[in-house]
Amino acid sequence: MYTRYKLTLSKRYTIPVGSVVELEVNEVIEIPKSALGTQQRNYGTFHIRKKHAMKGLFQAVSSPFGEGWVGKPTVVVHNQDVAEFELLESEEIGELWLFGE
C-alpha cells in the first residue's frame, strides 16, 4: 500500500541544457516510523512527472526517504534536452510515494 503526495516548486527555474539542478519544493513531508513488532518498514520515493521526462528533464538522484525523515525534499534533475527547460513557481514537479503505513 502507498500514499502519494504531489510536490510543487517553491520558485521559478530556468535550467540550461546539460545542467544538473536542485529544485526546492513547497511541501514538508514526514515519513512515519513503523509500528513496533512489524516487519514492514515505511519509506518514500520521488517520481518526476512524465510530462517533464518526455521533454528531456530527468531525475538525477533517486535515494529513498527513510523512516523518521521529516523535511522538504530536494529534487535533483538533469536537463537532457537541446533547449533550456522552464519550470514555473507552484508547478507540480512530481510525487512522493510513501510506502508502508
# chains A, B, ... in the order shown; residues from 1 in each chain; ligands from 1
$ closest_atom_pairs --of "region 55-80 of chain A" --to "region 37-46 of chain A" --cutoff "10 Å" --atoms "only C-alpha atoms" --output "CSV"
residue,atom,partner,partner_atom,distance
A:Gln59,CA,A:Phe46,CA,8.9
A:Val61,CA,A:Phe46,CA,9.2
A:Ser62,CA,A:Phe46,CA,6.9
A:Ser63,CA,A:Thr45,CA,7.3
A:Pro64,CA,A:Thr45,CA,5.0
A:Phe65,CA,A:Gly44,CA,4.8
A:Gly66,CA,A:Tyr43,CA,4.8
A:Glu67,CA,A:Asn42,CA,5.5
A:Gly68,CA,A:Asn42,CA,8.6
A:Trp69,CA,A:Tyr43,CA,8.7
A:Pro73,CA,A:Phe46,CA,8.7
A:Thr74,CA,A:Phe46,CA,9.8
A:Val75,CA,A:Phe46,CA,8.1
$ residues_around --residues "Phe58 (chain A)" --least-positions-apart "3" --cutoff "9 Å" --atoms "only C-alpha atoms" --output "PDB file with all heavy atoms, in the first residue's frame"
ATOM      1  N   ILE A  48       9.324  11.808 -10.830  1.00  0.00           N
ATOM      2  CA  ILE A  48       9.113  13.023 -11.606  1.00  0.00           C
ATOM      3  C   ILE A  48       7.904  12.842 -12.532  1.00  0.00           C
ATOM      4  O   ILE A  48       7.601  11.718 -12.937  1.00  0.00           O
ATOM      5  CB  ILE A  48      10.382  13.391 -12.407  1.00  0.00           C
ATOM      6  CG1 ILE A  48      10.324  14.835 -12.870  1.00  0.00           C
ATOM      7  CG2 ILE A  48      10.619  12.423 -13.550  1.00  0.00           C
ATOM      8  CD1 ILE A  48      11.666  15.395 -13.274  1.00  0.00           C
ATOM      9  N   HIS A  52       7.359  16.027 -17.861  1.00  0.00           N
ATOM     10  CA  HIS A  52       8.690  16.634 -17.820  1.00  0.00           C
ATOM     11  C   HIS A  52       9.737  15.684 -18.403  1.00  0.00           C
ATOM     12  O   HIS A  52      10.612  16.108 -19.161  1.00  0.00           O
ATOM     13  CB  HIS A  52       9.070  17.019 -16.395  1.00  0.00           C
ATOM     14  CG  HIS A  52       8.189  18.065 -15.791  1.00  0.00           C
ATOM     15  ND1 HIS A  52       7.757  19.181 -16.479  1.00  0.00           N
ATOM     16  CD2 HIS A  52       7.645  18.172 -14.557  1.00  0.00           C
ATOM     17  CE1 HIS A  52       6.988  19.929 -15.702  1.00  0.00           C
ATOM     18  NE2 HIS A  52       6.905  19.333 -14.533  1.00  0.00           N
ATOM     19  N   ALA A  53       9.647  14.411 -18.057  1.00  0.00           N
ATOM     20  CA  ALA A  53      10.596  13.416 -18.574  1.00  0.00           C
ATOM     21  C   ALA A  53      10.497  13.309 -20.101  1.00  0.00           C
ATOM     22  O   ALA A  53      11.516  13.164 -20.783  1.00  0.00           O
ATOM     23  CB  ALA A  53      10.350  12.063 -17.921  1.00  0.00           C
ATOM     24  N   MET A  54       9.289  13.394 -20.623  1.00  0.00           N
ATOM     25  CA  MET A  54       9.095  13.295 -22.069  1.00  0.00           C
ATOM     26  C   MET A  54       9.733  14.476 -22.816  1.00  0.00           C
ATOM     27  O   MET A  54      10.017  14.379 -23.997  1.00  0.00           O
ATOM     28  CB  MET A  54       7.604  13.207 -22.411  1.00  0.00           C
ATOM     29  CG  MET A  54       6.931  11.939 -21.909  1.00  0.00           C
ATOM     30  SD  MET A  54       7.559  10.450 -22.660  1.00  0.00           S
ATOM     31  CE  MET A  54       6.975  10.648 -24.325  1.00  0.00           C
ATOM     32  N   LYS A  55       9.965  15.578 -22.095  1.00  0.00           N
ATOM     33  CA  LYS A  55      10.596  16.757 -22.700  1.00  0.00           C
ATOM     34  C   LYS A  55      12.102  16.808 -22.425  1.00  0.00           C
ATOM     35  O   LYS A  55      12.758  17.783 -22.779  1.00  0.00           O
ATOM     36  CB  LYS A  55       9.941  18.032 -22.169  1.00  0.00           C
ATOM     37  CG  LYS A  55       8.501  18.196 -22.609  1.00  0.00           C
ATOM     38  CD  LYS A  55       7.924  19.466 -22.013  1.00  0.00           C
ATOM     39  CE  LYS A  55       6.467  19.646 -22.373  1.00  0.00           C
ATOM     40  NZ  LYS A  55       5.887  20.826 -21.701  1.00  0.00           N
ATOM     41  N   VAL A  76      16.565  16.660  -7.489  1.00  0.00           N
ATOM     42  CA  VAL A  76      17.719  16.936  -8.345  1.00  0.00           C
ATOM     43  C   VAL A  76      17.394  16.426  -9.746  1.00  0.00           C
ATOM     44  O   VAL A  76      17.053  15.255  -9.920  1.00  0.00           O
ATOM     45  CB  VAL A  76      18.997  16.263  -7.804  1.00  0.00           C
ATOM     46  CG1 VAL A  76      20.190  16.583  -8.702  1.00  0.00           C
ATOM     47  CG2 VAL A  76      19.270  16.699  -6.378  1.00  0.00           C
ATOM     48  N   VAL A  77      17.480  17.330 -10.730  1.00  0.00           N
ATOM     49  CA  VAL A  77      17.126  16.984 -12.108  1.00  0.00           C
ATOM     50  C   VAL A  77      18.270  17.315 -13.064  1.00  0.00           C
ATOM     51  O   VAL A  77      19.140  18.141 -12.757  1.00  0.00           O
ATOM     52  CB  VAL A  77      15.841  17.713 -12.567  1.00  0.00           C
ATOM     53  CG1 VAL A  77      14.636  17.243 -11.772  1.00  0.00           C
ATOM     54  CG2 VAL A  77      15.996  19.219 -12.476  1.00  0.00           C
ATOM     55  N   HIS A  78      18.236  16.667 -14.224  1.00  0.00           N
ATOM     56  CA  HIS A  78      19.227  16.887 -15.282  1.00  0.00           C
ATOM     57  C   HIS A  78      18.483  17.221 -16.570  1.00  0.00           C
ATOM     58  O   HIS A  78      17.619  16.453 -16.992  1.00  0.00           O
ATOM     59  CB  HIS A  78      20.056  15.610 -15.464  1.00  0.00           C
ATOM     60  CG  HIS A  78      21.109  15.717 -16.512  1.00  0.00           C
ATOM     61  ND1 HIS A  78      21.596  14.624 -17.159  1.00  0.00           N
ATOM     62  CD2 HIS A  78      21.790  16.777 -17.021  1.00  0.00           C
ATOM     63  CE1 HIS A  78      22.516  14.989 -18.023  1.00  0.00           C
ATOM     64  NE2 HIS A  78      22.643  16.300 -17.954  1.00  0.00           N
ATOM     65  N   ASN A  79      18.810  18.358 -17.176  1.00  0.00           N
ATOM     66  CA  ASN A  79      18.185  18.764 -18.436  1.00  0.00           C
ATOM     67  C   ASN A  79      18.949  18.114 -19.591  1.00  0.00           C
ATOM     68  O   ASN A  79      20.034  18.544 -19.945  1.00  0.00           O
ATOM     69  CB  ASN A  79      18.183  20.281 -18.596  1.00  0.00           C
ATOM     70  CG  ASN A  79      17.530  20.724 -19.898  1.00  0.00           C
ATOM     71  OD1 ASN A  79      17.043  19.912 -20.672  1.00  0.00           O
ATOM     72  ND2 ASN A  79      17.518  22.019 -20.127  1.00  0.00           N
ATOM     73  N   GLN A  80      18.351  17.093 -20.199  1.00  0.00           N
ATOM     74  CA  GLN A  80      18.977  16.391 -21.313  1.00  0.00           C
ATOM     75  C   GLN A  80      18.376  16.806 -22.656  1.00  0.00           C
ATOM     76  O   GLN A  80      18.637  16.167 -23.674  1.00  0.00           O
ATOM     77  CB  GLN A  80      18.853  14.879 -21.115  1.00  0.00           C
ATOM     78  CG  GLN A  80      19.607  14.392 -19.898  1.00  0.00           C
ATOM     79  CD  GLN A  80      19.540  12.896 -19.724  1.00  0.00           C
ATOM     80  OE1 GLN A  80      18.930  12.183 -20.504  1.00  0.00           O
ATOM     81  NE2 GLN A  80      20.172  12.415 -18.674  1.00  0.00           N
TER      82      GLN A  80
END
$ closest_residue --among "A:Ser19, A:Thr3, A:Asn26, A:Lys33" --to "Phe85 (chain A)" --atoms "only C-alpha atoms"
A:Ser19
$ select_by_dssp --residues "region 8-47 of chain A" --states "strand (DSSP E or B)" --output "MDAnalysis selection string"
chainID A and resid 8:9 13:15 20:25 29:30 43:47
$ write_last_selection --atoms "N, CA, C and O atoms" --output "mmCIF file, in the first residue's frame"
data_model
loop_
_atom_site.group_PDB
_atom_site.id
_atom_site.type_symbol
_atom_site.label_atom_id
_atom_site.label_comp_id
_atom_site.auth_asym_id
_atom_site.auth_seq_id
_atom_site.Cartn_x
_atom_site.Cartn_y
_atom_site.Cartn_z
ATOM 1 N N THR A 8 5.145 20.549 -5.318
ATOM 2 C CA THR A 8 5.128 21.732 -6.182
ATOM 3 C C THR A 8 6.368 22.585 -5.920
ATOM 4 O O THR A 8 6.911 22.589 -4.811
ATOM 5 N N LEU A 9 6.793 23.310 -6.931
ATOM 6 C CA LEU A 9 8.021 24.106 -6.846
ATOM 7 C C LEU A 9 7.827 25.388 -6.046
ATOM 8 O O LEU A 9 6.805 26.061 -6.173
ATOM 9 N N TYR A 13 12.209 28.226 -12.176
ATOM 10 C CA TYR A 13 13.546 27.772 -12.561
ATOM 11 C C TYR A 13 13.700 27.797 -14.074
ATOM 12 O O TYR A 13 12.780 27.415 -14.793
ATOM 13 N N THR A 14 14.866 28.220 -14.536
ATOM 14 C CA THR A 14 15.274 28.073 -15.927
ATOM 15 C C THR A 14 16.525 27.202 -15.885
ATOM 16 O O THR A 14 17.544 27.598 -15.311
ATOM 17 N N ILE A 15 16.445 26.018 -16.496
ATOM 18 C CA ILE A 15 17.521 25.046 -16.398
ATOM 19 C C ILE A 15 18.239 24.972 -17.752
ATOM 20 O O ILE A 15 17.652 24.539 -18.748
ATOM 21 N N VAL A 20 22.663 20.104 -14.200
ATOM 22 C CA VAL A 20 22.053 19.369 -13.097
ATOM 23 C C VAL A 20 21.724 20.409 -12.025
ATOM 24 O O VAL A 20 22.590 21.182 -11.618
ATOM 25 N N VAL A 21 20.457 20.429 -11.584
ATOM 26 C CA VAL A 21 19.975 21.487 -10.692
ATOM 27 C C VAL A 21 19.178 20.889 -9.539
ATOM 28 O O VAL A 21 18.440 19.917 -9.718
ATOM 29 N N GLU A 22 19.330 21.488 -8.346
ATOM 30 C CA GLU A 22 18.499 21.138 -7.197
ATOM 31 C C GLU A 22 17.271 22.032 -7.205
ATOM 32 O O GLU A 22 17.392 23.247 -7.325
ATOM 33 N N LEU A 23 16.093 21.424 -7.068
ATOM 34 C CA LEU A 23 14.838 22.177 -7.052
ATOM 35 C C LEU A 23 14.242 22.123 -5.652
ATOM 36 O O LEU A 23 14.158 21.057 -5.049
ATOM 37 N N GLU A 24 13.809 23.275 -5.155
ATOM 38 C CA GLU A 24 13.156 23.345 -3.847
ATOM 39 C C GLU A 24 11.649 23.219 -4.026
ATOM 40 O O GLU A 24 11.080 23.782 -4.963
ATOM 41 N N VAL A 25 11.008 22.486 -3.107
ATOM 42 C CA VAL A 25 9.559 22.312 -3.166
ATOM 43 C C VAL A 25 8.900 22.983 -1.969
ATOM 44 O O VAL A 25 9.558 23.336 -0.991
ATOM 45 N N ILE A 29 7.311 16.921 4.125
ATOM 46 C CA ILE A 29 6.903 15.523 4.141
ATOM 47 C C ILE A 29 7.443 14.868 5.402
ATOM 48 O O ILE A 29 8.563 15.154 5.831
ATOM 49 N N GLU A 30 6.645 13.978 5.980
ATOM 50 C CA GLU A 30 7.092 13.200 7.139
ATOM 51 C C GLU A 30 6.909 11.722 6.837
ATOM 52 O O GLU A 30 5.827 11.284 6.451
ATOM 53 N N TYR A 43 8.880 3.938 3.959
ATOM 54 C CA TYR A 43 9.870 4.694 3.203
ATOM 55 C C TYR A 43 9.155 5.442 2.086
ATOM 56 O O TYR A 43 8.028 5.116 1.722
ATOM 57 N N GLY A 44 9.826 6.448 1.540
ATOM 58 C CA GLY A 44 9.253 7.225 0.453
ATOM 59 C C GLY A 44 10.185 7.269 -0.741
ATOM 60 O O GLY A 44 11.407 7.191 -0.587
ATOM 61 N N THR A 45 9.602 7.395 -1.935
ATOM 62 C CA THR A 45 10.382 7.559 -3.165
ATOM 63 C C THR A 45 9.763 8.689 -3.984
ATOM 64 O O THR A 45 8.548 8.879 -3.969
ATOM 65 N N PHE A 46 10.616 9.429 -4.694
ATOM 66 C CA PHE A 46 10.140 10.522 -5.527
ATOM 67 C C PHE A 46 10.063 10.056 -6.970
ATOM 68 O O PHE A 46 10.949 9.341 -7.454
ATOM 69 N N HIS A 47 9.009 10.509 -7.686
ATOM 70 C CA HIS A 47 8.816 10.180 -9.096
ATOM 71 C C HIS A 47 8.471 11.462 -9.852
ATOM 72 O O HIS A 47 7.469 12.123 -9.554
#
$ atom_distance --atom1 "CA of Glu91 (chain A)" --atom2 "CA of Gly71 (chain A)"
19.1 Å
$ atom_distance --atom1 "CA of Leu87 (chain A)" --atom2 "CA of Arg12 (chain A)"
5.7 Å
$ residues_around --residues "Val82 (chain A)" --least-positions-apart "4" --cutoff "9 Å" --atoms "only C-alpha atoms" --output "ChimeraX atom specification"
/A:17-18,56
$ write_last_selection --atoms "all heavy atoms" --output "mmCIF file, in the first residue's frame"
data_model
loop_
_atom_site.group_PDB
_atom_site.id
_atom_site.type_symbol
_atom_site.label_atom_id
_atom_site.label_comp_id
_atom_site.auth_asym_id
_atom_site.auth_seq_id
_atom_site.Cartn_x
_atom_site.Cartn_y
_atom_site.Cartn_z
ATOM 1 N N VAL A 17 20.711 23.789 -20.832
ATOM 2 C CA VAL A 17 20.974 22.492 -21.467
ATOM 3 C C VAL A 17 22.154 21.814 -20.769
ATOM 4 O O VAL A 17 23.178 22.440 -20.511
ATOM 5 C CB VAL A 17 21.293 22.688 -22.965
ATOM 6 C CG1 VAL A 17 21.702 21.369 -23.607
ATOM 7 C CG2 VAL A 17 20.113 23.299 -23.689
ATOM 8 N N GLY A 18 21.989 20.550 -20.434
ATOM 9 C CA GLY A 18 23.057 19.759 -19.827
ATOM 10 C C GLY A 18 23.278 19.993 -18.351
ATOM 11 O O GLY A 18 24.117 19.335 -17.741
ATOM 12 N N GLY A 56 12.645 15.783 -21.740
ATOM 13 C CA GLY A 56 14.084 15.726 -21.525
ATOM 14 C C GLY A 56 14.576 16.102 -20.146
ATOM 15 O O GLY A 56 15.783 16.248 -19.940
#
$ closest_residue --among "A:Lys11, A:Lys72, A:Arg49, A:Arg4" --to "Gly94 (chain A)" --atoms "only C-alpha atoms"
A:Arg49
$ select_by_dssp --residues "chain A" --states "helix (DSSP H, G or I)" --output "ChimeraX atom specification"
/A:50-53
$ write_last_selection --atoms "C-alpha atoms" --output "short mmCIF file (atom, residue, chain, number, x, y, z; two decimals), in the first residue's frame"
data_model
loop_
_atom_site.label_atom_id
_atom_site.label_comp_id
_atom_site.auth_asym_id
_atom_site.auth_seq_id
_atom_site.Cartn_x
_atom_site.Cartn_y
_atom_site.Cartn_z
CA LYS A 50 6.02 12.02 -17.05
CA LYS A 51 5.33 15.24 -18.99
CA HIS A 52 8.69 16.63 -17.82
CA ALA A 53 10.60 13.42 -18.57
#
$ atom_distance --atom1 "CA of Val70 (chain A)" --atom2 "CA of Pro32 (chain A)"
8.6 Å
